[in-house]
Amino acid sequence: MNPTWVLRTARLILSPVSGSDLPDLRAFKADASIFAVMLGGVRNEAQTQEDLAHDVMNWGRYGFGIWTIREAGRFVGITGLQHRPDGRGVALRFAVSHEAQGRGLAREAAFAALQFGHTRAGLTRIIAAARESNFGSRMVLGGIGMREVGTFEQRGYTMLLYESVA
């Protein structure tokens, strides 16, 4: 792993995902109350292992990807940048555990990932999508300077499309 990919914020350490994160990722991605709203939805063990392999490969291929979010050494979620499978572009993603919600950690982590994407990965446009009903995610995206630019339908939900242009 390239040490320049590790990000530090006031309260968090963001590290590119690795094999040692599999137990945390397995539990996190299996939790429907957290991961059901993510692209791809709740993941079983095999899917989580596939995701991890893909995420590690993306770091090597693109120089950006998914980070684990740790607060005081404890896993609290994920954030990162990924090419959307629908071709809309490179998307900012984030999800935090219930214990981490309501304290600004998602915003702190997502902002660090967004800045990395623009300044270090050289991405001129980064998008994000949130369900219309997901006010928490919408607040995070607006709070880090992303602006709403459209809507689309996905799996029966109205999704709001956000973007940040460098």
# chains A, B, ... in the order shown; residues from 1 in each chain; ligands from 1

$ select_by_dssp --residues "region 25-97 of chain A" --states "strand (DSSP E or B)" --output "PyMOL selection string"
chain A and resi 66-71+74-83+90-96

$ closest_residue --among "A:Glu108, A:His83, A:Arg103, A:Phe64" --to "Ile13 (chain A)" --atoms "only C-alpha atoms"
A:Glu108

$ closest_residue --among "A:Thr9, A:Thr48, A:Gln82, A:Ser15" --to "Ala27 (chain A)" --atoms "only C-alpha atoms"
A:Thr48

$ residues_around --residues "region 126-141 of chain A" --least-positions-apart "2" --cutoff "8 Å" --atoms "only C-alpha atoms" --output "list in words"
Val37, Arg88, Gly89, Val90, Ala91, Leu92, Arg93, Ala106, Arg107, Ala110, Leu114, Gly117, His118, Leu123, Thr124, Gly143, Ile144, Gly145, Met146, Arg147, Tyr157, Thr158, Met159, Leu160, Leu161, Tyr162, Glu163, Ser164 and Val165 of chain A
